[in-house]
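Read the structure below first, then the notes.
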Amino acid sequence: MICGTIFVLVLLCGVEAGRVLVLPGEYSHWHNMRSIVDALVEKNHSVTVLVSSSSPTVQYTRKERFKYKVFEVNMKKEEANAILQEAIHPWMNDPGTTYERVLKIWRLMSKFKWHFEEFYKGLFHNKDLLHTLQESHFDVLLSDPMMPFPDLMAETLKIPHVLSVRATFAYVLERFCGQLPTPPSYVPAVATQSHLTDHMSFTERVENMLYYIVCSTVLLLMPWFIDPIYTEILGKPTTMCETMGKADILFIRTYWDFEYPRPLLPNFKFVGGLHCKPAKPLSKELETFVQSSGDHGVVVFSLGSMINNLTMERANTIASALGQIPQKVVWRYSGKTPETLAPNTKLYDWIPQNDLLGHPKAKAFITHGGTNGLYEAIYHGVPMVGLPLFGDQPDNMMHMKTKGAAVVLDINTMESKDLVDALKTVLNNPSYKESIMRLSRIHHDQPMKPLDQAVFWIEFVMRNKGAKHLRVQAHDLSWYQYHCLDVLAFLLSIVALITFLFIKTCSFFFRKCFRKTRSDGKAQKNKKE
């Protein structure tokens, strides 16, 4: 016992505990980051989660093994939740005409401007908060860009920064801010309804290039209300992208089981599926329902943490389809009970999704295509029917469809028959199960578990006071230097100069020879005369 105690003490003495500041996202983003926070606490690190008083999903009043630091904003939880929920509406139900859709997005951007300004005031106009954070001497900042201004906080506190990214915003960070090479010839642009893969025909490459141009233009214009805030806080002209690009490590919440092969940089690290874990036993009630499915098994259905209900028309369409399959269905849904709900379907406000997908009787997963649920399906090897809603979800499900692990439908236009056919295809065609099991094997065949990878790189940044040696020089180049346009212009100028001198020289000698010939001819002519 004494030897064992001494051994444990030696191990603990060898662990250098660090101080980690966390700026989390909301909804599934926080659920994902929470896994990293818990792992850091397990390794004896001190973790402080900096969260706004308006956070709709981070339950900062609960007692945890880590500390919450709450900063006040002039915004209620309901208002913050409404803005985030409204971000979904342009892509759900009936978006109306193109003009109405653009108008909704413009109004939403105005609300996000107010949302960002309140966060800015709550974080940087609170001198007591900044003083407390500076006196805490944190070793690293871990953030999700869903939380505004994490990069500015890292700059203010002068500490290394680790970013965890996935979703459409990752496109900005990876390509524009992170300087990740994205050749449009085989890397699809992330677009809301993109159907492109890494195998593109000529017309698809033309389409992809147009996507790149449109996305680049929009993303370059978007920071018009953010960049002035960055300039004000830092006291010098700067942009959001410039500051975001200073992140030491960027976690990408995917892996090669999901991604198409593409170039990567040294400070980009894959941690997809870091929240996944073996299934735990279900509750007695849920286990009884699952076991009652017999050999047919169960279908798990969830549209994520942001979608709690649907229109009655959509709900009835879905419930009618679910009643036409022999499997039992566990549906996470908190809206009004559909009139067409069948006895084989059970509704829950919340479900243990990971535990259900890891159950031996799980046969299929109906999902909106969020990264967390998608990776739980990959981890446990469950084929999918995708009903993508917004953001990166259509792109996520396109990856799964391309890899043969999912059937994808449009939730706004599908009929009951479409959903029934999709479920029967996934359940009865063995190729879908084979494809998802192949992806699952790839996911599990890694030198380190994704969560261990994330913790390792955070500790790496703390040990080395950053990871600037992994940051490419492209960050310090202008756009024309990055593409070597100045070099090309110089070389073309040299070629043009040489060509000009050659032409001038030839012209000079030509004129000399021509004049001499004419002079000799005239002289001979005069002599004859």
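Labels for the structure tokens follow display order: chains A, B, ..., residues from 1 in each chain, ligands from 1.
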Exercise. Using DSSP on the backbone coordinates, identify all residues within range 278-404 of chain A classified as alpha helix (DSSP H); present the result as a PyMOL selection string.
Key: chain A and resi 284-291+312-322+353-357+371-380+393-402
Quiz prompt | Nearby residues (only C-alpha atoms) at most 7 Å from Cys276 in chain A, same-chain spacing under 3 positions excluded, as an MDAnalysis selection string | solution = chainID A and resid 273 376 379
Keeping only all heavy atoms, take the residues you just selected and write them out as a PDB file, in the first residue's frame.
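Wrote it out as part.pdb, contents follow:
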ATOM      1  N   GLY A 273     -15.110  13.220 -33.715  1.00  0.00           N
ATOM      2  CA  GLY A 273     -15.626  12.138 -32.880  1.00  0.00           C
ATOM      3  C   GLY A 273     -15.019  12.084 -31.497  1.00  0.00           C
ATOM      4  O   GLY A 273     -15.099  11.060 -30.818  1.00  0.00           O
ATOM      5  N   GLU A 376     -21.277   9.931 -33.969  1.00  0.00           N
ATOM      6  CA  GLU A 376     -21.756   8.836 -33.120  1.00  0.00           C
ATOM      7  C   GLU A 376     -22.233   7.671 -33.982  1.00  0.00           C
ATOM      8  O   GLU A 376     -22.010   6.504 -33.639  1.00  0.00           O
ATOM      9  CB  GLU A 376     -22.872   9.340 -32.207  1.00  0.00           C
ATOM     10  CG  GLU A 376     -22.369  10.240 -31.086  1.00  0.00           C
ATOM     11  CD  GLU A 376     -23.468  10.903 -30.292  1.00  0.00           C
ATOM     12  OE1 GLU A 376     -24.660  10.744 -30.668  1.00  0.00           O
ATOM     13  OE2 GLU A 376     -23.153  11.593 -29.308  1.00  0.00           O
ATOM     14  N   TYR A 379     -19.060   6.055 -35.312  1.00  0.00           N
ATOM     15  CA  TYR A 379     -18.397   5.341 -34.203  1.00  0.00           C
ATOM     16  C   TYR A 379     -19.041   3.977 -33.958  1.00  0.00           C
ATOM     17  O   TYR A 379     -18.351   2.971 -33.783  1.00  0.00           O
ATOM     18  CB  TYR A 379     -18.479   6.204 -32.948  1.00  0.00           C
ATOM     19  CG  TYR A 379     -17.765   5.644 -31.732  1.00  0.00           C
ATOM     20  CD1 TYR A 379     -16.435   5.945 -31.476  1.00  0.00           C
ATOM     21  CD2 TYR A 379     -18.431   4.817 -30.826  1.00  0.00           C
ATOM     22  CE1 TYR A 379     -15.778   5.442 -30.371  1.00  0.00           C
ATOM     23  CE2 TYR A 379     -17.790   4.301 -29.706  1.00  0.00           C
ATOM     24  CZ  TYR A 379     -16.460   4.625 -29.483  1.00  0.00           C
ATOM     25  OH  TYR A 379     -15.821   4.122 -28.379  1.00  0.00           O
TER      26      TYR A 379
END
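The space separating CA of Ala406 in chain A from CA of Gly304 in chain A comes to 17.2 Å.
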Find the residues of range 245-334 of chain A that sit at most 12 Å from range 434-440 of chain A; for each, write down the nearest two atoms and how far apart they are in Å, to one decimal. Count only C-alpha atoms. Sort by chain, then by number going up, and give it as a Markdown table.
| residue | atom | partner | partner_atom | distance |
| --- | --- | --- | --- | --- |
| A:Tyr255 | CA | A:Leu439 | CA | 10.1 |
| A:Trp256 | CA | A:Leu439 | CA | 8.8 |
| A:Asp257 | CA | A:Leu439 | CA | 5.2 |
| A:Phe258 | CA | A:Leu439 | CA | 7.8 |
| A:Glu259 | CA | A:Leu439 | CA | 10.9 |
| A:Gly273 | CA | A:Ser440 | CA | 10.7 |
| A:Cys276 | CA | A:Ser440 | CA | 11.7 |
Quiz item: Counting only C-alpha atoms, what is within 7 Å of range 348-353 of chain A, bar same-chain residues fewer than 2 positions away, as a ChimeraX atom specification?
Solution: /A:331-334,346,355-357
Quiz item: Could you pull out all residues of range 374-497 of chain A with a DSSP call of strand (DSSP E) and give them as a PyMOL selection string?
Solution: chain A and resi 384-386+406-408
Write out the residues from the selection above, keeping all heavy atoms, as a PDB file, in the first residue's frame.
ATOM      1  N   MET A 384     -27.366   5.856 -42.154  1.00  0.00           N
ATOM      2  CA  MET A 384     -28.176   7.046 -41.892  1.00  0.00           C
ATOM      3  C   MET A 384     -29.144   7.386 -43.016  1.00  0.00           C
ATOM      4  O   MET A 384     -28.906   7.082 -44.175  1.00  0.00           O
ATOM      5  CB  MET A 384     -27.249   8.247 -41.682  1.00  0.00           C
ATOM      6  CG  MET A 384     -26.431   8.200 -40.413  1.00  0.00           C
ATOM      7  SD  MET A 384     -25.070   9.398 -40.442  1.00  0.00           S
ATOM      8  CE  MET A 384     -23.745   8.379 -41.097  1.00  0.00           C
ATOM      9  N   VAL A 385     -30.235   8.042 -42.616  1.00  0.00           N
ATOM     10  CA  VAL A 385     -31.110   8.775 -43.528  1.00  0.00           C
ATOM     11  C   VAL A 385     -30.982  10.238 -43.139  1.00  0.00           C
ATOM     12  O   VAL A 385     -31.274  10.607 -42.001  1.00  0.00           O
ATOM     13  CB  VAL A 385     -32.572   8.320 -43.423  1.00  0.00           C
ATOM     14  CG1 VAL A 385     -33.469   9.230 -44.263  1.00  0.00           C
ATOM     15  CG2 VAL A 385     -32.723   6.874 -43.891  1.00  0.00           C
ATOM     16  N   GLY A 386     -30.509  11.061 -44.053  1.00  0.00           N
ATOM     17  CA  GLY A 386     -30.216  12.452 -43.736  1.00  0.00           C
ATOM     18  C   GLY A 386     -31.354  13.387 -44.113  1.00  0.00           C
ATOM     19  O   GLY A 386     -31.880  13.321 -45.221  1.00  0.00           O
ATOM     20  N   ALA A 406     -25.335   6.715 -46.465  1.00  0.00           N
ATOM     21  CA  ALA A 406     -26.562   7.445 -46.152  1.00  0.00           C
ATOM     22  C   ALA A 406     -27.391   7.693 -47.405  1.00  0.00           C
ATOM     23  O   ALA A 406     -26.866   7.744 -48.518  1.00  0.00           O
ATOM     24  CB  ALA A 406     -26.238   8.776 -45.474  1.00  0.00           C
ATOM     25  N   VAL A 407     -28.692   7.854 -47.182  1.00  0.00           N
ATOM     26  CA  VAL A 407     -29.620   8.366 -48.187  1.00  0.00           C
ATOM     27  C   VAL A 407     -30.057   9.742 -47.700  1.00  0.00           C
ATOM     28  O   VAL A 407     -30.347   9.927 -46.517  1.00  0.00           O
ATOM     29  CB  VAL A 407     -30.845   7.447 -48.345  1.00  0.00           C
ATOM     30  CG1 VAL A 407     -31.879   8.084 -49.264  1.00  0.00           C
ATOM     31  CG2 VAL A 407     -30.428   6.088 -48.882  1.00  0.00           C
ATOM     32  N   VAL A 408     -30.094  10.725 -48.603  1.00  0.00           N
ATOM     33  CA  VAL A 408     -30.391  12.108 -48.211  1.00  0.00           C
ATOM     34  C   VAL A 408     -31.691  12.565 -48.849  1.00  0.00           C
ATOM     35  O   VAL A 408     -31.917  12.354 -50.046  1.00  0.00           O
ATOM     36  CB  VAL A 408     -29.238  13.052 -48.620  1.00  0.00           C
ATOM     37  CG1 VAL A 408     -29.540  14.474 -48.159  1.00  0.00           C
ATOM     38  CG2 VAL A 408     -27.922  12.570 -48.030  1.00  0.00           C
TER      39      VAL A 408
END
Quiz item: CA of Arg441 in chain A and CA of Pro278 in chain A, how far apart in Å?
Solution: 14.6 Å
Quiz item: Hey, can you check how far CA of Glu313 in chain A sits from CA of Ala80 in chain A?
Solution: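 Interatomic distance, CA of Glu313 in chain A to CA of Ala80 in chain A: 27.8 Å.
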12 Å contact set for Pro148 in chain A, only C-alpha atoms, chain neighbours under 4 positions out, as a tab-separated table (two decimals) with all heavy atoms, in the first residue's frame:
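The resulting selection-v7.tsv:
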chain	number	residue	atom	x	y	z
A	23	LEU	N	-13.72	29.56	-23.83
A	23	LEU	CA	-14.86	30.34	-24.32
A	23	LEU	C	-15.68	29.41	-25.20
A	23	LEU	O	-15.31	29.14	-26.35
A	23	LEU	CB	-14.39	31.56	-25.13
A	23	LEU	CG	-14.13	32.84	-24.33
A	23	LEU	CD1	-12.90	32.68	-23.46
A	23	LEU	CD2	-13.97	34.05	-25.25
A	24	PRO	N	-16.79	28.88	-24.68
A	24	PRO	CA	-17.53	27.83	-25.38
A	24	PRO	C	-18.51	28.36	-26.41
A	24	PRO	O	-18.84	29.55	-26.44
A	24	PRO	CB	-18.29	27.15	-24.23
A	24	PRO	CG	-18.58	28.28	-23.28
A	24	PRO	CD	-17.40	29.23	-23.38
A	25	GLY	N	-18.99	27.45	-27.25
A	25	GLY	CA	-20.09	27.76	-28.14
A	25	GLY	C	-21.40	27.41	-27.46
A	25	GLY	O	-21.47	27.25	-26.24
A	26	GLU	N	-22.45	27.25	-28.25
A	26	GLU	CA	-23.77	26.89	-27.70
A	26	GLU	C	-24.25	25.59	-28.33
A	26	GLU	O	-23.69	25.11	-29.31
A	26	GLU	CB	-24.78	28.00	-27.99
A	26	GLU	CG	-24.43	29.36	-27.38
A	26	GLU	CD	-24.59	29.39	-25.86
A	26	GLU	OE1	-25.12	28.42	-25.29
A	26	GLU	OE2	-24.18	30.39	-25.24
A	50	LEU	N	-15.50	30.74	-19.38
A	50	LEU	CA	-16.00	32.11	-19.43
A	50	LEU	C	-17.26	32.14	-20.28
A	50	LEU	O	-17.22	31.86	-21.48
A	50	LEU	CB	-14.92	33.02	-20.03
A	50	LEU	CG	-15.23	34.52	-20.10
A	50	LEU	CD1	-15.46	35.11	-18.72
A	50	LEU	CD2	-14.10	35.26	-20.82
A	51	VAL	N	-18.38	32.47	-19.67
A	51	VAL	CA	-19.67	32.36	-20.35
A	51	VAL	C	-20.51	33.60	-20.07
A	51	VAL	O	-20.41	34.21	-19.00
A	51	VAL	CB	-20.41	31.08	-19.87
A	51	VAL	CG1	-20.65	31.10	-18.37
A	51	VAL	CG2	-21.73	30.89	-20.61
A	52	SER	N	-21.33	33.98	-21.04
A	52	SER	CA	-22.17	35.17	-20.88
A	52	SER	C	-23.41	34.83	-20.05
A	52	SER	O	-23.87	33.68	-20.01
A	52	SER	CB	-22.60	35.71	-22.24
A	52	SER	OG	-23.66	34.95	-22.77
A	112	PHE	N	-27.61	39.91	-35.35
A	112	PHE	CA	-26.30	39.39	-34.96
A	112	PHE	C	-25.34	40.53	-34.65
A	112	PHE	O	-24.49	40.40	-33.78
A	112	PHE	CB	-25.73	38.50	-36.07
A	112	PHE	CG	-26.03	37.04	-35.88
A	112	PHE	CD1	-26.89	36.37	-36.73
A	112	PHE	CD2	-25.44	36.33	-34.83
A	112	PHE	CE1	-27.17	35.02	-36.54
A	112	PHE	CE2	-25.71	34.99	-34.64
A	112	PHE	CZ	-26.57	34.33	-35.49
A	113	LYS	N	-25.47	41.64	-35.36
A	113	LYS	CA	-24.63	42.81	-35.08
A	113	LYS	C	-24.87	43.28	-33.64
A	113	LYS	O	-23.92	43.56	-32.89
A	113	LYS	CB	-24.95	43.92	-36.08
A	113	LYS	CG	-24.11	45.18	-35.90
A	113	LYS	CD	-24.44	46.20	-36.99
A	113	LYS	CE	-23.57	47.44	-36.87
A	113	LYS	NZ	-23.85	48.22	-35.68
A	114	TRP	N	-26.14	43.36	-33.26
A	114	TRP	CA	-26.47	43.74	-31.88
A	114	TRP	C	-25.93	42.71	-30.90
A	114	TRP	O	-25.37	43.06	-29.86
A	114	TRP	CB	-27.99	43.88	-31.75
A	114	TRP	CG	-28.45	44.06	-30.33
A	114	TRP	CD1	-28.13	45.10	-29.49
A	114	TRP	CD2	-29.31	43.20	-29.60
A	114	TRP	NE1	-28.74	44.92	-28.27
A	114	TRP	CE2	-29.47	43.76	-28.30
A	114	TRP	CE3	-29.96	42.00	-29.89
A	114	TRP	CZ2	-30.24	43.17	-27.31
A	114	TRP	CZ3	-30.76	41.42	-28.91
A	114	TRP	CH2	-30.89	41.99	-27.64
A	115	HIS	N	-26.08	41.44	-31.24
A	115	HIS	CA	-25.60	40.34	-30.40
A	115	HIS	C	-24.09	40.46	-30.18
A	115	HIS	O	-23.59	40.35	-29.05
A	115	HIS	CB	-25.94	39.02	-31.11
A	115	HIS	CG	-25.49	37.78	-30.40
A	115	HIS	ND1	-26.10	37.31	-29.26
A	115	HIS	CD2	-24.49	36.90	-30.66
A	115	HIS	CE1	-25.51	36.21	-28.85
A	115	HIS	NE2	-24.52	35.94	-29.69
A	116	PHE	N	-23.35	40.72	-31.25
A	116	PHE	CA	-21.89	40.85	-31.16
A	116	PHE	C	-21.49	42.08	-30.34
A	116	PHE	O	-20.55	42.03	-29.55
A	116	PHE	CB	-21.29	40.94	-32.57
A	116	PHE	CG	-21.05	39.61	-33.21
A	116	PHE	CD1	-21.94	38.56	-33.03
A	116	PHE	CD2	-19.95	39.39	-34.01
A	116	PHE	CE1	-21.73	37.33	-33.62
A	116	PHE	CE2	-19.72	38.17	-34.61
A	116	PHE	CZ	-20.62	37.13	-34.41
A	117	GLU	N	-22.21	43.18	-30.55
A	117	GLU	CA	-21.87	44.40	-29.82
A	117	GLU	C	-22.07	44.23	-28.32
A	117	GLU	O	-21.28	44.73	-27.52
A	117	GLU	CB	-22.72	45.56	-30.35
A	117	GLU	CG	-22.28	46.06	-31.72
A	117	GLU	CD	-23.21	47.10	-32.29
A	117	GLU	OE1	-24.34	47.26	-31.73
A	117	GLU	OE2	-22.84	47.75	-33.29
A	118	GLU	N	-23.11	43.51	-27.92
A	118	GLU	CA	-23.35	43.28	-26.50
A	118	GLU	C	-22.25	42.40	-25.90
A	118	GLU	O	-21.81	42.61	-24.77
A	118	GLU	CB	-24.73	42.64	-26.29
A	118	GLU	CG	-25.90	43.57	-26.59
A	118	GLU	CD	-25.84	44.85	-25.77
A	118	GLU	OE1	-25.49	44.78	-24.58
A	118	GLU	OE2	-26.12	45.92	-26.33
A	119	PHE	N	-21.82	41.41	-26.65
A	119	PHE	CA	-20.72	40.56	-26.19
A	119	PHE	C	-19.44	41.38	-26.06
A	119	PHE	O	-18.69	41.23	-25.09
A	119	PHE	CB	-20.50	39.40	-27.16
A	119	PHE	CG	-21.22	38.15	-26.76
A	119	PHE	CD1	-22.59	38.03	-26.91
A	119	PHE	CD2	-20.53	37.08	-26.20
A	119	PHE	CE1	-23.26	36.88	-26.54
A	119	PHE	CE2	-21.19	35.93	-25.83
A	119	PHE	CZ	-22.55	35.82	-25.99
A	120	TYR	N	-19.22	42.23	-27.03
A	120	TYR	CA	-18.02	43.07	-27.02
A	120	TYR	C	-17.99	43.96	-25.77
A	120	TYR	O	-16.98	44.06	-25.07
A	120	TYR	CB	-18.01	43.90	-28.31
A	120	TYR	CG	-17.28	45.21	-28.24
A	120	TYR	CD1	-15.92	45.26	-28.02
A	120	TYR	CD2	-17.97	46.42	-28.41
A	120	TYR	CE1	-15.24	46.47	-27.97
A	120	TYR	CE2	-17.31	47.63	-28.36
A	120	TYR	CZ	-15.95	47.65	-28.14
A	120	TYR	OH	-15.29	48.84	-28.08
A	121	LYS	N	-19.13	44.58	-25.46
A	121	LYS	CA	-19.20	45.43	-24.27
A	121	LYS	C	-19.03	44.61	-23.00
A	121	LYS	O	-18.33	45.02	-22.08
A	121	LYS	CB	-20.55	46.16	-24.24
A	121	LYS	CG	-20.73	47.18	-25.37
A	121	LYS	CD	-22.15	47.74	-25.37
A	121	LYS	CE	-22.38	48.65	-26.57
A	121	LYS	NZ	-23.80	49.10	-26.64
A	122	GLY	N	-19.69	43.44	-22.94
A	122	GLY	CA	-19.61	42.62	-21.75
A	122	GLY	C	-18.22	42.08	-21.48
A	122	GLY	O	-17.82	41.90	-20.33
A	123	LEU	N	-17.46	41.83	-22.55
A	123	LEU	CA	-16.11	41.28	-22.40
A	123	LEU	C	-15.05	42.35	-22.19
A	123	LEU	O	-14.20	42.24	-21.31
A	123	LEU	CB	-15.75	40.44	-23.63
A	123	LEU	CG	-16.35	39.04	-23.73
A	123	LEU	CD1	-16.07	38.44	-25.09
A	123	LEU	CD2	-15.82	38.13	-22.64
A	124	PHE	N	-15.11	43.43	-23.00
A	124	PHE	CA	-13.97	44.35	-23.05
A	124	PHE	C	-14.23	45.71	-22.40
A	124	PHE	O	-13.30	46.49	-22.23
A	124	PHE	CB	-13.52	44.52	-24.50
A	124	PHE	CG	-13.06	43.23	-25.12
A	124	PHE	CD1	-13.88	42.52	-25.98
A	124	PHE	CD2	-11.81	42.72	-24.82
A	124	PHE	CE1	-13.46	41.33	-26.55
A	124	PHE	CE2	-11.38	41.53	-25.39
A	124	PHE	CZ	-12.21	40.82	-26.24
A	143	SER	N	-11.27	27.79	-27.49
A	143	SER	CA	-12.53	28.45	-27.83
A	143	SER	C	-13.20	27.81	-29.03
A	143	SER	O	-12.59	27.06	-29.79
A	143	SER	CB	-12.27	29.94	-28.14
A	143	SER	OG	-11.67	30.08	-29.41
A	144	ASP	N	-14.48	28.14	-29.14
A	144	ASP	CA	-15.28	27.83	-30.32
A	144	ASP	C	-15.67	29.18	-30.93
A	144	ASP	O	-16.12	30.07	-30.20
A	144	ASP	CB	-16.53	27.04	-29.91
A	144	ASP	CG	-17.34	26.57	-31.11
A	144	ASP	OD1	-17.79	27.44	-31.89
A	144	ASP	OD2	-17.53	25.36	-31.27
A	152	LEU	N	-9.67	37.95	-29.88
A	152	LEU	CA	-9.35	39.21	-29.24
A	152	LEU	C	-9.02	39.02	-27.76
A	152	LEU	O	-8.16	39.71	-27.21
A	152	LEU	CB	-10.53	40.18	-29.38
A	152	LEU	CG	-10.62	40.95	-30.70
A	152	LEU	CD1	-11.84	41.86	-30.70
A	152	LEU	CD2	-9.37	41.75	-30.96
A	153	MET	N	-9.71	38.08	-27.13
A	153	MET	CA	-9.42	37.80	-25.73
A	153	MET	C	-8.01	37.21	-25.58
A	153	MET	O	-7.27	37.56	-24.66
A	153	MET	CB	-10.46	36.85	-25.15
A	153	MET	CG	-10.30	36.56	-23.65
A	153	MET	SD	-10.31	38.05	-22.64
A	153	MET	CE	-12.03	38.55	-22.75
A	169	PHE	N	-18.66	28.41	-40.65
A	169	PHE	CA	-17.64	29.37	-40.24
A	169	PHE	C	-16.24	28.79	-40.41
A	169	PHE	O	-15.27	29.53	-40.56
A	169	PHE	CB	-17.88	29.78	-38.79
A	169	PHE	CG	-17.14	31.03	-38.39
A	169	PHE	CD1	-17.38	32.22	-39.06
A	169	PHE	CD2	-16.21	31.02	-37.38
A	169	PHE	CE1	-16.71	33.38	-38.72
A	169	PHE	CE2	-15.54	32.16	-37.02
A	169	PHE	CZ	-15.80	33.35	-37.69
A	226	ILE	N	-17.73	43.97	-37.92
A	226	ILE	CA	-16.89	43.36	-36.89
A	226	ILE	C	-15.49	43.97	-36.88
A	226	ILE	O	-14.94	44.26	-35.82
A	226	ILE	CB	-16.80	41.83	-37.10
A	226	ILE	CG1	-18.20	41.21	-37.03
A	226	ILE	CG2	-15.88	41.20	-36.07
A	226	ILE	CD1	-18.21	39.72	-37.30
A	229	ILE	N	-14.61	46.89	-34.63
A	229	ILE	CA	-14.48	46.53	-33.22
A	229	ILE	C	-13.08	46.01	-32.94
A	229	ILE	O	-12.46	46.37	-31.93
A	229	ILE	CB	-15.54	45.47	-32.84
A	229	ILE	CG1	-16.95	46.05	-32.98
A	229	ILE	CG2	-15.32	44.95	-31.42
A	229	ILE	CD1	-18.07	45.05	-32.72
A	230	TYR	N	-12.56	45.20	-33.83
A	230	TYR	CA	-11.20	44.67	-33.67
A	230	TYR	C	-10.18	45.82	-33.68
A	230	TYR	O	-9.25	45.84	-32.87
A	230	TYR	CB	-10.88	43.70	-34.81
A	230	TYR	CG	-11.41	42.31	-34.57
A	230	TYR	CD1	-12.76	42.03	-34.63
A	230	TYR	CD2	-10.55	41.26	-34.28
A	230	TYR	CE1	-13.26	40.76	-34.41
A	230	TYR	CE2	-11.03	39.98	-34.06
A	230	TYR	CZ	-12.38	39.73	-34.12
A	230	TYR	OH	-12.85	38.47	-33.89
A	240	MET	N	-10.81	40.84	-38.44
A	240	MET	CA	-11.15	39.62	-37.72
A	240	MET	C	-10.31	38.46	-38.23
A	240	MET	O	-9.78	37.67	-37.44
A	240	MET	CB	-12.64	39.30	-37.89
A	240	MET	CG	-13.09	38.03	-37.21
A	240	MET	SD	-14.73	37.49	-37.73
A	240	MET	CE	-14.41	36.94	-39.41
A	244	MET	N	-7.89	36.08	-36.09
A	244	MET	CA	-8.23	34.66	-36.01
A	244	MET	C	-7.08	33.80	-36.53
A	244	MET	O	-6.82	32.71	-36.03
A	244	MET	CB	-9.48	34.37	-36.83
A	244	MET	CG	-10.79	34.71	-36.12
A	244	MET	SD	-11.23	33.50	-34.88
A	244	MET	CE	-12.88	34.02	-34.47
Practice problem: Check the smallest atom-to-atom distance from each of A:Gly404, A:Pro326, A:Pro261, A:Gly391 to Val298 in chain A using only C-alpha atoms, then report the winner. | Solution: A:Pro326
Exercise. Find the spatial neighbours of Ala362 in chain A, counting only C-alpha atoms, within a cut-off of 10 Å - ignore same-chain residues fewer than 2 positions away - and output them as a count of residues only.
Key: 22
Quiz item: Which one of A:Tyr60, A:Tyr68, A:Phe270, A:Phe149 sits closest to Leu451 in chain A if you count only C-alpha atoms?
Solution: A:Phe270
